[in-house]
Amino acid sequence: MRVSLFVPCFVDQLTPQVGLATAKVLKRLGHAVEFRSAQTCCGQPSFNSGQWDVAREGALRTIEVFRGAEVVVGPSGSCVAMIKKFYPELLKDTPHLAAAEDLAARTFEFSEFLVNKLGVTDVGAKFAKKVTYHDGCHALRELRLKEEPRQLLRAVKGLELIESEEGESCCGFGGLFSAKFPMISTAMVQVKGGALARTGADFVVSSDPSCLLQIGGWLSREGKPILPLHIAEVLAHDA
Amino acid sequence: MSDAKQIFIKDATLNAADGDQRAFIRKALGGYYVNRDLQKARYRDWERARDAASLAKWTAVNDLANQLEKFTANFERNGGVVHWARDSAEARAIILKIAADVNAKAIVKSKCMTSEEIHLNDALEKAGYGVVESDLGEFIQQLRGEAPYHFVFPCMHVKREAISELFTKHLGTAPTDSPEELTMIARRHLRQLYVDADIGITGANFLVAETGQISITENEGNARLTAALPRIHIALSGIEKVVNRLDDLAVLLPMLATAGAGQPMTCYNTLYAGPRKPGECDGPEQFHLVLLDNARTRLLADPEQRDALHCIRCGACLNVCPIFKNIGGLAYGTTYQGPIGSVITPHLRGLKQWNHLSSASSLCGACTDACPVRIDLHHHLLHNRRNAMKQSPSLFDRAFHAGFGFVMKRPTLFGLGGKVFRATLPLLKKLPLPYMSAWLKTRDLPAAPAQSFREQWKDSDHG
Amino acid sequence: MADARSDILARIREALQVKAPKPHFKAEETAGQPVKIAKPWLPDGGETTEASLLILAEQLAKLKAVLIRVPDETAAGQAVADLARSKAWKQVAYHGAPLVRPVAAALPCPAWEADASFEKQKLEGCDASITSCESIVAQLGSILVSSASSGGRALSILPHVHVVVARVDQVVPDLATAIALMQAVHGEKMPSMLSFITGPSRTGDIERILVLGAHGPKELYLVLVG
Ligand code: SF4
């Protein structure tokens with residue numbers, strides 16, 4: 001299959017290793033991978049801030065960028081949910097609805113793509129560490145992905161998966177919410193991050209790089225001995 | 001910034017920093033999660049039950065005028081009197097008039113959020129009536145002079161020591177740290193008040209169009225006493241509480257209890273059809289129902305968010321909301337707290353003044369999953385944000401997103417901008433920039449990589 | 001100015017001019033298929049009497065209500081008399097239903113029929129009340145009382161102890177059945193009060209800790225005859 005990578009804008013700029021790891025895993029499974037460099041941001045920050053006009057432009061651009069792509073795979077539940085769930089809503093009363101729905105049908109979150117589209121759970125990864133998993137809310141509740149990432153992690157050689165308390169609690173990121181209401185956001189990550197740290201895991205793994213920014217940023221500030229890691233980075237690990 | 005927003009930010013920030021209080025709330029809700037899951041497990045198909053509950057309310061709300069006409073005709077046939085109130089002032093005036101007509105002195109109330117909405121107690125007290133809240137939580141809040149913290153669990157934030165002190169001060173009872181003993185103090189104190197009251201005021205959870213009955217849900221028995229002993233019963237209800245058929249309650253009553261409180265059924269679910277009937281040995285001489293609009297029709301006129309009127313006020317969305325749990329119910333400054341409050345308050349009281357509640361959410365969606373009648377709560381927060389932007393965009397937001405949009409349309413500029421951003425990040429972290437400094441107050445940012453993804457990517461390596 | 005009623009109804013009709021899409025649910029895909037029990041997605045109420053009685057017993061125990069099963073009315077009278085002795089009741093009020101009268105007659109303490117008008121204060125002073133009921137819902141452990149079957153509104157809520165005497169055949173599997181039965185029995189002439197009682201009165205208002213007997217009865221007994 002020819003996979004077109006959807007690399008969220010902040011992954012591009014701040015955590016490029018996540019994009020590279022995603023490509024590595026897909027290649028290892030024998031798929032061709034392309035990156036269409038005209039892509040920028042999916043428009044979610046504007047969408048969440050109520051600026052739907054700006055978001056709509058982002059949506060139309062993204063639809064254009066991925067026109068003709070066989071499948072589009074992104075390492076972020078949140079940004080993928082934007083395309084799959086919210087583009088059709090944004091473009092509901094416009095002539096572009098069909099194009100939005102078409103892109104939505106071809107777009108997959110990384111773990112969703114591996115498990116549900118390819119039917120693969122063992123990607124040949126080795127990672128002899130204790131990890132706990134954080135469900136990003138968009139992956140969990142907009143895309144209904146809960147078992148998929150866990151199936152992938154359980155198949156990783158040497159990996160021990162520990163579930164945390166506050167399993168389905170939000171980390172408090174919420175995009176600009178984290179900066180517009182910093183104290184509420186921090187209170188939330190205290191609850192979530194505290195529970196993750198108490199598992200005694202070496203890494204907190206998630207399919208959402210934005211949650212990892214929030215959780216990792218707090219864990220680092222608090223000096224907790226647990227590091228954020230994207231699931232693609234775990235699955236890319238083969239030595 | 002609206003006054004309400006300023007107060008909200010101040011209170012929310014203060015409460016979010018109060019680790020002890022937040023832990024107390026989480027602990028208090030711990031038992032609820034366990035019981036809710038146990039009860040939900042008894043449902044043969046919880047999701048299917050949610051469909052049925054949602055459909056029952058959808059059917060009633062989307063045929064509201066006809067169902068209300070049917071309901072009121074049946075209510076009157078049962079011997080009750082219906083009053084219509086366009087707004088709070090009308091509702092208060094109606095109730096004051098009834099009280100004057102029957103020459104009342106003492107009034108006992110059972111829990112009724114709609115009466116909080118219209119500030120009824122104030123009005124009654126100003127007119128010289130003695131008013132007592134009989135629900136334990138409401139009674140405690142009344143003594144504290146504080147609004148309810150949670151519309152189902154009004155005083156869940158108050159520690160037993162504080163309640164004991166409160167009772168010592170107001171009722172002269174000996175201090176105790178036993179919830180049981182504290183409950184009995186209130187029970188003994190309130191008993192005589194039911195017997196002496198002339199008027200009992202209750203809310204209504206459902207108005208059954210088919211039979212003209214109103215349904216009241218409670219655990220303590222205070223609503224039943226309120227509707228049994230005084231000679232006048234006044235119920236106050238929003239117009240949206242209608243269900244078409246009595247049979248709808250076979251789904252809604254258990255689901256309300258399970259979703260909201262982790263119970264199979266609330267202890268008393270009582271249907272009232274009129275005042276005391278000939279041949280009955282007790283009950284009130286008169287039964288009045290005040291039907292309140294108070295901007296509900298404004299919400300009804302928005303088909304996108306009309307389902308917010310399906311709300312059965314179970315409280316489930318509050319119990320699972322991380323915002324509610326961390327800032328507490330009082331910070332909202334609304335009658336209805338939590339996600340449903342954030343959704344409907346802008347409709348009831350004005351979007352401009354109250355949109356900040358919709359912004360103060362990470363949109364995690366736990367509320368929507370918890371709602372027994374499937375209200376699309378967290379998406380409605382997005383809808384409110386969009387509507388607010390249309391109505392009165394803040395200049396800063398406009399400029400910020402216009403700039404963002406401008407860059408995002410231009411991949412080369414985006415690449416370049418990213419490069420500059422990464423190169424200057426160590427410096428930016430030191431500047432008092434909006435957003436950036438708010439983040440950095442409590443969280444680190446990873447060091448920026450030398451090269452972005454697009455700079456490192458070569459299709460040829462991967463083709 | 002139009003009156004409030006016409007105004008509000010007009011506002012509603014105006015608002016509903018724009019239709020909201022009807023939610024599409026899986027539920028409707030299965031609609032129309034024959035189902036044996038009403039609302040088969042709700043908690044189970046048992047398909048046979050035996051099954052229902054088992055579920056009922058389990059539910060009542062969880063609710064901290066006490067179920068007493070007796071073979072006949074004499075045994076019912078004895079059971080309640082034992083209760084009265086062990087709890088040292090001094091005064092009991094009861095509803096004069098055929099099932100209740102003989103039980104009340106067997107009491108070792110004064111008992112009065114609360115079916116005509118009575119003093120609220122006198123009822124407040126009673127230790128216990130004994131009533132009949134309309135039906136009993138196995139699914140939820142709920143007992144349906146009414147102003148007709150339970151001697152008015154206050155009798156089943158004011159005294160500290162409430163004893164319900166009922167026949168086994170009053171047990172119905174689920175809430176939907178109880179509601180249908182109630183409609184069949186009363187039609188358009190519903191008693192002015194009908195109440196599903198699910199366990200003794202309770203509150204969790206103080207630190208969400210369960211306390212029984214908030215305002216209504218602290219103890220609830222169901223004496224099931226047959
Ligand atoms: S919105 Fe839903 S969950 Fe929240 S109180 Fe209303 S019915 Fe319950």
# chains A, B, ... in the order shown; residues from 1 in each chain; ligands from 1

call {"tool": "residues_around", "arguments": {"residues": "Ala438 in chain B", "least_positions_apart": "4", "cutoff": "10 Å", "atoms": "only C-alpha atoms", "output": "PyMOL selection string"}}
result
(chain A and resi 178-183) or (chain B and resi 432-434+442-443)

call {"tool": "residues_near_ligand", "arguments": {"ligand": "ligand 1", "cutoff": "10 Å", "atoms": "only C-alpha atoms and all ligand atoms", "output": "JSON, numbers by chain"}}
result
{"B": [53, 54, 151, 152, 252, 255, 256, 257, 259, 260, 307, 308, 309, 310, 311, 312, 313, 314, 315, 316, 317, 318, 319, 320, 321, 336, 337, 338, 339, 340, 341, 343, 344, 366, 367, 368, 369, 370, 371, 372, 373, 374, 375, 376, 377]}

call {"tool": "interface_residues", "arguments": {"of": "chain C", "to": "chain B", "cutoff": "7 Å", "atoms": "only C-alpha atoms", "output": "PyMOL selection string"}}
result
chain C and resi 4-5+8-9+11-13+15-16+18-20+25+27+40-43+115-117+120+140+147+151-154+157+175-176+179+190-199+201-203+205-208+211+214-216

call {"tool": "residues_around", "arguments": {"residues": "Val108 in chain B", "least_positions_apart": "3", "cutoff": "7 Å", "atoms": "only C-alpha atoms", "output": "list in words"}}
result
Val131, Val132, Glu133, Ser134, Tyr194, Ala197, Ile199, Gly200, Ile201 and Thr226 of chain B

call {"tool": "select_by_dssp", "arguments": {"residues": "range 34-197 of chain A", "states": "strand (DSSP E or B)", "output": "ChimeraX atom specification"}}
result
/A:34-35,71-74,107-109,126,130-134,157,160-162

call {"tool": "write_last_selection", "arguments": {"atoms": "N, CA and C atoms", "output": "CSV table (one decimal), in the first residue's frame"}}
result
chain,number,residue,atom,x,y,z
A,34,GLU,N,5.1,8.2,1.5
A,34,GLU,CA,5.4,9.5,1.0
A,34,GLU,C,5.0,10.6,2.0
A,35,PHE,N,5.7,11.7,1.8
A,35,PHE,CA,5.3,12.9,2.6
A,35,PHE,C,5.0,14.1,1.6
A,71,VAL,N,-4.0,6.0,1.1
A,71,VAL,CA,-4.4,6.1,2.5
A,71,VAL,C,-3.5,7.2,3.1
A,72,VAL,N,-4.1,7.9,4.1
A,72,VAL,CA,-3.4,8.9,4.8
A,72,VAL,C,-3.3,8.4,6.3
A,73,VAL,N,-2.1,8.4,6.8
A,73,VAL,CA,-1.9,7.9,8.2
A,73,VAL,C,-1.2,9.0,9.0
A,74,GLY,N,-1.7,9.2,10.2
A,74,GLY,CA,-1.1,10.3,11.0
A,74,GLY,C,-0.9,9.7,12.4
A,107,THR,N,-8.5,8.3,5.8
A,107,THR,CA,-7.5,8.7,6.8
A,107,THR,C,-7.6,7.8,8.0
A,108,PHE,N,-6.4,7.5,8.6
A,108,PHE,CA,-6.3,6.6,9.7
A,108,PHE,C,-5.3,7.1,10.8
A,109,GLU,N,-5.7,6.9,12.0
A,109,GLU,CA,-4.7,7.1,13.1
A,109,GLU,C,-3.8,5.9,13.0
A,126,LYS,N,11.1,-4.6,19.5
A,126,LYS,CA,11.6,-5.1,20.8
A,126,LYS,C,11.8,-3.9,21.6
A,130,LYS,N,9.3,-1.1,31.1
A,130,LYS,CA,8.0,-1.1,31.6
A,130,LYS,C,7.3,0.2,31.1
A,131,VAL,N,6.2,0.1,30.5
A,131,VAL,CA,5.5,1.3,30.0
A,131,VAL,C,4.0,1.3,30.5
A,132,THR,N,3.5,2.5,30.6
A,132,THR,CA,2.1,2.6,30.9
A,132,THR,C,1.5,3.4,29.7
A,133,TYR,N,0.2,3.2,29.4
A,133,TYR,CA,-0.4,3.9,28.3
A,133,TYR,C,-1.3,5.0,28.6
A,134,HIS,N,-1.2,6.1,27.9
A,134,HIS,CA,-2.2,7.2,28.1
A,134,HIS,C,-3.1,7.3,26.9
A,157,LYS,N,8.2,-7.3,21.9
A,157,LYS,CA,9.0,-8.2,22.7
A,157,LYS,C,9.7,-7.5,23.9
A,160,GLU,N,6.7,-4.6,29.1
A,160,GLU,CA,5.7,-4.8,30.1
A,160,GLU,C,4.7,-3.6,30.2
A,161,LEU,N,3.4,-3.9,30.0
A,161,LEU,CA,2.4,-2.8,30.0
A,161,LEU,C,1.7,-2.8,31.3
A,162,ILE,N,1.7,-1.6,32.0
A,162,ILE,CA,1.1,-1.4,33.3
A,162,ILE,C,0.0,-0.4,33.1

call {"tool": "select_by_dssp", "arguments": {"residues": "range 47-220 of chain B", "states": "alpha helix (DSSP H)", "output": "count of residues only"}}
result
94

call {"tool": "closest_residue", "arguments": {"among": "B:Gly238, B:Gly418, B:Gly405, B:Gly172", "to": "Gly43 in chain A", "atoms": "only C-alpha atoms"}}
result
B:Gly405

call {"tool": "closest_atom_pairs", "arguments": {"of": "chain B", "to": "chain A", "cutoff": "8 Å", "atoms": "only C-alpha atoms", "output": "JSON lines"}}
result
{"residue": "B:Ile9", "atom": "CA", "partner": "A:Phe181", "partner_atom": "CA", "distance": 8.0}
{"residue": "B:Ala12", "atom": "CA", "partner": "A:Ile184", "partner_atom": "CA", "distance": 7.1}
{"residue": "B:Thr13", "atom": "CA", "partner": "A:Met183", "partner_atom": "CA", "distance": 5.5}
{"residue": "B:Ala16", "atom": "CA", "partner": "A:Ile184", "partner_atom": "CA", "distance": 5.6}
{"residue": "B:Ala17", "atom": "CA", "partner": "A:Ala187", "partner_atom": "CA", "distance": 7.0}
{"residue": "B:Pro322", "atom": "CA", "partner": "A:Met188", "partner_atom": "CA", "distance": 6.7}
{"residue": "B:Ile323", "atom": "CA", "partner": "A:Ile184", "partner_atom": "CA", "distance": 6.9}
{"residue": "B:Asn326", "atom": "CA", "partner": "A:Ala187", "partner_atom": "CA", "distance": 6.4}
{"residue": "B:Ile327", "atom": "CA", "partner": "A:Ile184", "partner_atom": "CA", "distance": 7.1}
{"residue": "B:Ser359", "atom": "CA", "partner": "A:Phe177", "partner_atom": "CA", "distance": 7.2}
{"residue": "B:Ala360", "atom": "CA", "partner": "A:Phe181", "partner_atom": "CA", "distance": 6.6}
{"residue": "B:Ser361", "atom": "CA", "partner": "A:Phe177", "partner_atom": "CA", "distance": 6.7}
{"residue": "B:Ser362", "atom": "CA", "partner": "A:Gly174", "partner_atom": "CA", "distance": 4.0}
{"residue": "B:Leu363", "atom": "CA", "partner": "A:Gly174", "partner_atom": "CA", "distance": 6.5}
{"residue": "B:Cys364", "atom": "CA", "partner": "A:Cys137", "partner_atom": "CA", "distance": 5.2}
{"residue": "B:Gly365", "atom": "CA", "partner": "A:Arg141", "partner_atom": "CA", "distance": 6.6}
{"residue": "B:Ala366", "atom": "CA", "partner": "A:Arg141", "partner_atom": "CA", "distance": 7.9}
{"residue": "B:Asp369", "atom": "CA", "partner": "A:Arg141", "partner_atom": "CA", "distance": 7.8}
{"residue": "B:Leu382", "atom": "CA", "partner": "A:Asn48", "partner_atom": "CA", "distance": 6.4}
{"residue": "B:His383", "atom": "CA", "partner": "A:Gly50", "partner_atom": "CA", "distance": 7.5}
{"residue": "B:Asn384", "atom": "CA", "partner": "A:Gly50", "partner_atom": "CA", "distance": 7.8}
{"residue": "B:Arg385", "atom": "CA", "partner": "A:Gly50", "partner_atom": "CA", "distance": 4.6}
{"residue": "B:Arg386", "atom": "CA", "partner": "A:Gly50", "partner_atom": "CA", "distance": 3.7}
{"residue": "B:Asn387", "atom": "CA", "partner": "A:Gly50", "partner_atom": "CA", "distance": 7.2}
{"residue": "B:Ala388", "atom": "CA", "partner": "A:Gly50", "partner_atom": "CA", "distance": 7.4}
{"residue": "B:Met389", "atom": "CA", "partner": "A:Gly50", "partner_atom": "CA", "distance": 5.7}
{"residue": "B:Arg398", "atom": "CA", "partner": "A:Gln51", "partner_atom": "CA", "distance": 7.8}
{"residue": "B:His401", "atom": "CA", "partner": "A:Ser46", "partner_atom": "CA", "distance": 6.2}
{"residue": "B:Ala402", "atom": "CA", "partner": "A:Val54", "partner_atom": "CA", "distance": 7.0}
{"residue": "B:Gly405", "atom": "CA", "partner": "A:Val54", "partner_atom": "CA", "distance": 6.0}
{"residue": "B:Met408", "atom": "CA", "partner": "A:Thr40", "partner_atom": "CA", "distance": 5.7}
{"residue": "B:Lys409", "atom": "CA", "partner": "A:Gly58", "partner_atom": "CA", "distance": 7.3}
{"residue": "B:Pro411", "atom": "CA", "partner": "A:Ala38", "partner_atom": "CA", "distance": 5.5}
{"residue": "B:Phe414", "atom": "CA", "partner": "A:Thr40", "partner_atom": "CA", "distance": 7.0}
{"residue": "B:Gly418", "atom": "CA", "partner": "A:Gln13", "partner_atom": "CA", "distance": 6.0}
{"residue": "B:Lys419", "atom": "CA", "partner": "A:Gln13", "partner_atom": "CA", "distance": 7.8}
{"residue": "B:Arg422", "atom": "CA", "partner": "A:Gln13", "partner_atom": "CA", "distance": 7.5}
{"residue": "B:Tyr435", "atom": "CA", "partner": "A:Ala179", "partner_atom": "CA", "distance": 4.8}
{"residue": "B:Met436", "atom": "CA", "partner": "A:Ala179", "partner_atom": "CA", "distance": 7.2}
{"residue": "B:Ala438", "atom": "CA", "partner": "A:Ala179", "partner_atom": "CA", "distance": 5.4}
{"residue": "B:Trp439", "atom": "CA", "partner": "A:Ala179", "partner_atom": "CA", "distance": 5.4}
{"residue": "B:Thr442", "atom": "CA", "partner": "A:Trp218", "partner_atom": "CA", "distance": 6.7}
{"residue": "B:Arg443", "atom": "CA", "partner": "A:Trp218", "partner_atom": "CA", "distance": 4.6}
{"residue": "B:Asp444", "atom": "CA", "partner": "A:Gly217", "partner_atom": "CA", "distance": 4.3}
{"residue": "B:Leu445", "atom": "CA", "partner": "A:Gly217", "partner_atom": "CA", "distance": 5.6}
{"residue": "B:Pro446", "atom": "CA", "partner": "A:Gly217", "partner_atom": "CA", "distance": 7.2}
{"residue": "B:Ala448", "atom": "CA", "partner": "A:Leu14", "partner_atom": "CA", "distance": 5.6}
{"residue": "B:Pro449", "atom": "CA", "partner": "A:Leu14", "partner_atom": "CA", "distance": 6.3}
{"residue": "B:Gln451", "atom": "CA", "partner": "A:Gln13", "partner_atom": "CA", "distance": 7.7}
{"residue": "B:Ser452", "atom": "CA", "partner": "A:Gln13", "partner_atom": "CA", "distance": 4.8}
{"residue": "B:Phe453", "atom": "CA", "partner": "A:Pro16", "partner_atom": "CA", "distance": 4.4}
{"residue": "B:Arg454", "atom": "CA", "partner": "A:Asp12", "partner_atom": "CA", "distance": 6.5}
{"residue": "B:Trp457", "atom": "CA", "partner": "A:Phe35", "partner_atom": "CA", "distance": 7.7}
{"residue": "B:Asp459", "atom": "CA", "partner": "A:Glu34", "partner_atom": "CA", "distance": 5.8}
{"residue": "B:His462", "atom": "CA", "partner": "A:Val33", "partner_atom": "CA", "distance": 5.5}
{"residue": "B:Gly463", "atom": "CA", "partner": "A:Ala32", "partner_atom": "CA", "distance": 5.2}
